[in-house]
Amino acid sequence: MVIGVGELRKGITIELDGEPYQVVEYSSHKMQQRAPVVRLRLRELRTGRSVDRTFSGYDVKLNLASVEQRPAQYLYKDDLFYYFMDSRTYDQYPLTQEQLGNSSLYLREQVELDLIFFREKPIAVELPTFIELAIVETPPAHRGDTAQGSTKPATLETGLTVNVPFFVNPGETIRVDTRTG
């Protein structure tokens, strides 16, 4: 399906150069007696990297990407792949570390997420907004460390390192925002 720049919105997935991109930011500028200029910040779904593109003219048309999200569950990891199971069909799909990028730091077994398919092949995952992870290691708090807003580093069960308040101890579970990574 082909859309014009007037139909672009944040979150829409378009296809450029045979790859799927999600619109992260969109702005349109029109100066007097000139063609409009459309600036897009896009996130490539296969790699997760951001790309800026600029289009000008009245007749700019973009193709919508045939991307599908399916509910899935993370199963396990071996030497090469991370394995996911489609929650409806129970089919298993392997994804590599390159396909997952930083998303792999938030994966623990049996977490529910969405698999993103492009042309019937899994290319990436869409994590839930928050994931609960256990703290494996963090330095102990010392008496007198009571300054407001103070934090200490903590290593989570997946290897992710975040800052936590001084009163949090190893073995506790915290909620991590996956959008900040």
# chains A, B, ... in the order shown; residues from 1 in each chain; ligands from 1
>>> residues_around(residues="region 109-117 of chain A", least_positions_apart="6", cutoff="6 Å", atoms="only C-alpha atoms", output="tab-separated table (two decimals) with all heavy atoms, in the first residue's frame")
chain	number	residue	atom	x	y	z
A	67	VAL	N	4.64	-5.59	7.84
A	67	VAL	CA	5.19	-6.04	9.12
A	67	VAL	C	4.04	-6.55	9.98
A	67	VAL	O	2.98	-5.93	10.05
A	67	VAL	CB	5.93	-4.88	9.82
A	67	VAL	CG1	6.34	-5.27	11.22
A	67	VAL	CG2	7.14	-4.47	9.01
A	68	GLU	N	4.29	-7.66	10.65
A	68	GLU	CA	3.27	-8.25	11.52
A	68	GLU	C	3.87	-8.52	12.89
A	68	GLU	O	5.01	-8.97	12.99
A	68	GLU	CB	2.78	-9.56	10.90
A	68	GLU	CG	1.73	-10.26	11.71
A	68	GLU	CD	1.37	-11.62	11.13
A	68	GLU	OE1	1.92	-12.03	10.10
A	68	GLU	OE2	0.54	-12.30	11.75
A	69	GLN	N	3.13	-8.23	13.93
A	69	GLN	CA	3.56	-8.55	15.29
A	69	GLN	C	2.75	-9.72	15.81
A	69	GLN	O	1.52	-9.72	15.70
A	69	GLN	CB	3.38	-7.35	16.23
A	69	GLN	CG	4.35	-6.24	15.95
A	69	GLN	CD	4.28	-5.16	17.02
A	69	GLN	OE1	3.38	-5.13	17.83
A	69	GLN	NE2	5.25	-4.26	16.99
A	70	ARG	N	3.45	-10.71	16.37
A	70	ARG	CA	2.78	-11.88	16.92
A	70	ARG	C	3.23	-12.07	18.37
A	70	ARG	O	4.42	-11.94	18.68
A	70	ARG	CB	3.15	-13.14	16.13
A	70	ARG	CG	2.74	-13.09	14.69
A	70	ARG	CD	3.12	-14.38	13.99
A	70	ARG	NE	3.00	-14.24	12.55
A	70	ARG	CZ	3.53	-15.09	11.68
A	70	ARG	NH1	4.20	-16.15	12.11
A	70	ARG	NH2	3.39	-14.90	10.40
A	71	PRO	N	2.29	-12.40	19.26
A	71	PRO	CA	2.69	-12.65	20.66
A	71	PRO	C	3.58	-13.89	20.75
A	71	PRO	O	3.33	-14.89	20.07
A	71	PRO	CB	1.36	-12.86	21.38
A	71	PRO	CG	0.38	-13.19	20.32
A	71	PRO	CD	0.86	-12.56	19.06
A	72	ALA	N	4.62	-13.79	21.56
A	72	ALA	CA	5.58	-14.89	21.68
A	72	ALA	C	6.14	-14.92	23.09
A	72	ALA	O	5.88	-14.04	23.91
A	72	ALA	CB	6.70	-14.72	20.66
A	73	GLN	N	6.91	-15.96	23.34
A	73	GLN	CA	7.55	-16.15	24.64
A	73	GLN	C	9.01	-16.51	24.41
A	73	GLN	O	9.32	-17.31	23.53
A	73	GLN	CB	6.84	-17.28	25.39
A	73	GLN	CG	7.34	-17.52	26.79
A	73	GLN	CD	6.59	-18.67	27.43
A	73	GLN	OE1	6.61	-19.78	26.95
A	73	GLN	NE2	5.94	-18.37	28.54
A	74	TYR	N	9.90	-15.89	25.19
A	74	TYR	CA	11.33	-16.23	25.10
A	74	TYR	C	11.55	-17.54	25.83
A	74	TYR	O	11.15	-17.71	26.97
A	74	TYR	CB	12.18	-15.12	25.72
A	74	TYR	CG	13.63	-15.49	25.86
A	74	TYR	CD1	14.41	-15.81	24.74
A	74	TYR	CD2	14.23	-15.55	27.10
A	74	TYR	CE1	15.74	-16.15	24.87
A	74	TYR	CE2	15.57	-15.90	27.24
A	74	TYR	CZ	16.30	-16.20	26.11
A	74	TYR	OH	17.62	-16.55	26.25
A	75	LEU	N	12.21	-18.49	25.16
A	75	LEU	CA	12.43	-19.81	25.73
A	75	LEU	C	13.82	-19.97	26.33
A	75	LEU	O	13.97	-20.14	27.54
A	75	LEU	CB	12.21	-20.89	24.67
A	75	LEU	CG	10.80	-21.00	24.10
A	75	LEU	CD1	10.76	-22.04	23.00
A	75	LEU	CD2	9.81	-21.32	25.20
A	123	ILE	N	12.30	-10.87	12.42
A	123	ILE	CA	13.47	-10.00	12.26
A	123	ILE	C	13.87	-9.32	13.56
A	123	ILE	O	15.01	-8.90	13.71
A	123	ILE	CB	13.24	-8.93	11.18
A	123	ILE	CG1	12.02	-8.07	11.51
A	123	ILE	CG2	13.12	-9.57	9.82
A	123	ILE	CD1	11.88	-6.85	10.65
A	124	ALA	N	12.93	-9.19	14.51
A	124	ALA	CA	13.24	-8.47	15.75
A	124	ALA	C	12.18	-8.80	16.79
A	124	ALA	O	11.22	-9.54	16.53
A	124	ALA	CB	13.27	-6.96	15.50
A	125	VAL	N	12.36	-8.24	18.00
A	125	VAL	CA	11.37	-8.40	19.07
A	125	VAL	C	10.94	-7.03	19.56
A	125	VAL	O	11.69	-6.07	19.49
A	125	VAL	CB	11.92	-9.22	20.26
A	125	VAL	CG1	12.22	-10.64	19.84
A	125	VAL	CG2	13.11	-8.58	20.89
A	126	GLU	N	9.72	-6.95	20.04
A	126	GLU	CA	9.19	-5.76	20.69
A	126	GLU	C	8.99	-6.13	22.15
A	126	GLU	O	8.13	-6.94	22.50
A	126	GLU	CB	7.86	-5.36	20.05
A	126	GLU	CG	7.25	-4.10	20.60
A	126	GLU	CD	7.97	-2.85	20.13
A	126	GLU	OE1	8.53	-2.85	19.03
A	126	GLU	OE2	7.96	-1.88	20.90
A	127	LEU	N	9.81	-5.54	23.01
A	127	LEU	CA	9.76	-5.86	24.43
A	127	LEU	C	8.58	-5.19	25.10
A	127	LEU	O	8.13	-4.12	24.66
A	127	LEU	CB	11.05	-5.38	25.12
A	127	LEU	CG	12.33	-6.07	24.70
A	127	LEU	CD1	13.53	-5.33	25.27
A	127	LEU	CD2	12.34	-7.51	25.17
A	128	PRO	N	8.09	-5.76	26.21
A	128	PRO	CA	7.10	-5.03	27.00
A	128	PRO	C	7.75	-3.78	27.60
A	128	PRO	O	8.98	-3.70	27.69
A	128	PRO	CB	6.68	-6.02	28.08
A	128	PRO	CG	7.72	-7.08	28.09
A	128	PRO	CD	8.39	-7.07	26.77
>>> select_by_dssp(residues="region 40-178 of chain A", states="strand (DSSP E)", output="count of residues only")
73
>>> closest_residue(among="A:Phe167, A:Tyr58, A:Tyr21, A:Tyr106", to="Val38 (chain A)", atoms="only C-alpha atoms")
A:Tyr58
>>> select_by_dssp(residues="chain A", states="alpha helix (DSSP H)", output="mmCIF file with N, CA, C and O atoms, in the first residue's frame")
data_model
loop_
_atom_site.group_PDB
_atom_site.id
_atom_site.type_symbol
_atom_site.label_atom_id
_atom_site.label_comp_id
_atom_site.auth_asym_id
_atom_site.auth_seq_id
_atom_site.Cartn_x
_atom_site.Cartn_y
_atom_site.Cartn_z
ATOM 1 N N GLN A 97 22.076 -12.624 18.046
ATOM 2 C CA GLN A 97 22.391 -11.462 18.878
ATOM 3 C C GLN A 97 22.322 -10.178 18.054
ATOM 4 O O GLN A 97 21.861 -9.146 18.538
ATOM 5 N N GLU A 98 22.747 -10.224 16.797
ATOM 6 C CA GLU A 98 22.712 -9.049 15.932
ATOM 7 C C GLU A 98 21.280 -8.597 15.678
ATOM 8 O O GLU A 98 21.007 -7.404 15.599
ATOM 9 N N GLN A 99 20.358 -9.543 15.519
ATOM 10 C CA GLN A 99 18.965 -9.188 15.303
ATOM 11 C C GLN A 99 18.340 -8.579 16.552
ATOM 12 O O GLN A 99 17.489 -7.709 16.460
ATOM 13 N N LEU A 100 18.760 -9.024 17.726
ATOM 14 C CA LEU A 100 18.178 -8.540 18.972
ATOM 15 C C LEU A 100 18.802 -7.241 19.455
ATOM 16 O O LEU A 100 18.130 -6.413 20.053
#
>>> atom_distance(atom1="CA of Thr138 (chain A)", atom2="CA of Ala154 (chain A)")
4.5 Å
>>> residues_around(residues="Arg34 (chain A)", least_positions_apart="2", cutoff="10 Å", atoms="only C-alpha atoms", output="count of residues only")
9
>>> atom_distance(atom1="CA of Thr13 (chain A)", atom2="CA of Asp59 (chain A)")
19.3 Å
>>> atom_distance(atom1="CA of Arg108 (chain A)", atom2="CA of Arg43 (chain A)")
24.5 Å
>>> closest_residue(among="A:Ser28, A:Asn169, A:Thr96, A:Thr155", to="Asp79 (chain A)", atoms="only C-alpha atoms")
A:Thr96
>>> closest_residue(among="A:Val51, A:Ile3, A:Ala141, A:Ile131", to="Arg179 (chain A)", atoms="only C-alpha atoms")
A:Ile131
>>> residues_around(residues="Thr180 (chain A)", least_positions_apart="4", cutoff="12 Å", atoms="only C-alpha atoms", output="PyMOL selection string")
chain A and resi 102-103+106+127+129-130+162+176
>>> write_last_selection(atoms="N, CA and C atoms", output="PDB file, in the first residue's frame")
ATOM      1  N   ASN A 102      20.422  -4.608  21.787  1.00  0.00           N
ATOM      2  CA  ASN A 102      20.362  -4.410  23.238  1.00  0.00           C
ATOM      3  C   ASN A 102      19.162  -5.095  23.888  1.00  0.00           C
ATOM      4  N   SER A 103      18.194  -5.533  23.098  1.00  0.00           N
ATOM      5  CA  SER A 103      17.023  -6.209  23.655  1.00  0.00           C
ATOM      6  C   SER A 103      17.401  -7.474  24.405  1.00  0.00           C
ATOM      7  N   TYR A 106      17.493  -7.622  28.278  1.00  0.00           N
ATOM      8  CA  TYR A 106      16.246  -7.617  29.046  1.00  0.00           C
ATOM      9  C   TYR A 106      15.543  -8.970  29.023  1.00  0.00           C
ATOM     10  N   LEU A 127       9.813  -5.541  23.007  1.00  0.00           N
ATOM     11  CA  LEU A 127       9.764  -5.860  24.434  1.00  0.00           C
ATOM     12  C   LEU A 127       8.577  -5.189  25.104  1.00  0.00           C
ATOM     13  N   THR A 129       6.963  -2.816  28.004  1.00  0.00           N
ATOM     14  CA  THR A 129       7.507  -1.569  28.526  1.00  0.00           C
ATOM     15  C   THR A 129       8.318  -1.791  29.794  1.00  0.00           C
ATOM     16  N   PHE A 130       7.852  -2.662  30.672  1.00  0.00           N
ATOM     17  CA  PHE A 130       8.566  -2.944  31.923  1.00  0.00           C
ATOM     18  C   PHE A 130       8.808  -4.441  32.056  1.00  0.00           C
ATOM     19  N   VAL A 162      22.316  -1.328  36.025  1.00  0.00           N
ATOM     20  CA  VAL A 162      21.492  -0.135  36.214  1.00  0.00           C
ATOM     21  C   VAL A 162      21.836   0.501  37.553  1.00  0.00           C
ATOM     22  N   VAL A 176      12.321  -2.761  35.494  1.00  0.00           N
ATOM     23  CA  VAL A 176      13.213  -2.005  34.614  1.00  0.00           C
ATOM     24  C   VAL A 176      12.425  -1.535  33.395  1.00  0.00           C
TER      25      VAL A 176
END
>>> closest_residue(among="A:Ile135, A:Leu156, A:Leu40, A:Val5", to="Leu64 (chain A)", atoms="only C-alpha atoms")
A:Val5
>>> closest_residue(among="A:Pro140, A:Glu172, A:Ser104, A:Ser66", to="Leu160 (chain A)", atoms="only C-alpha atoms")
A:Ser104
>>> residues_around(residues="Val24 (chain A)", least_positions_apart="2", cutoff="8 Å", atoms="only C-alpha atoms", output="list of chain:residue names")
A:Lys10, A:Gly11, A:Gln22, A:Tyr26, A:Leu40, A:Arg41, A:Leu42, A:Arg43
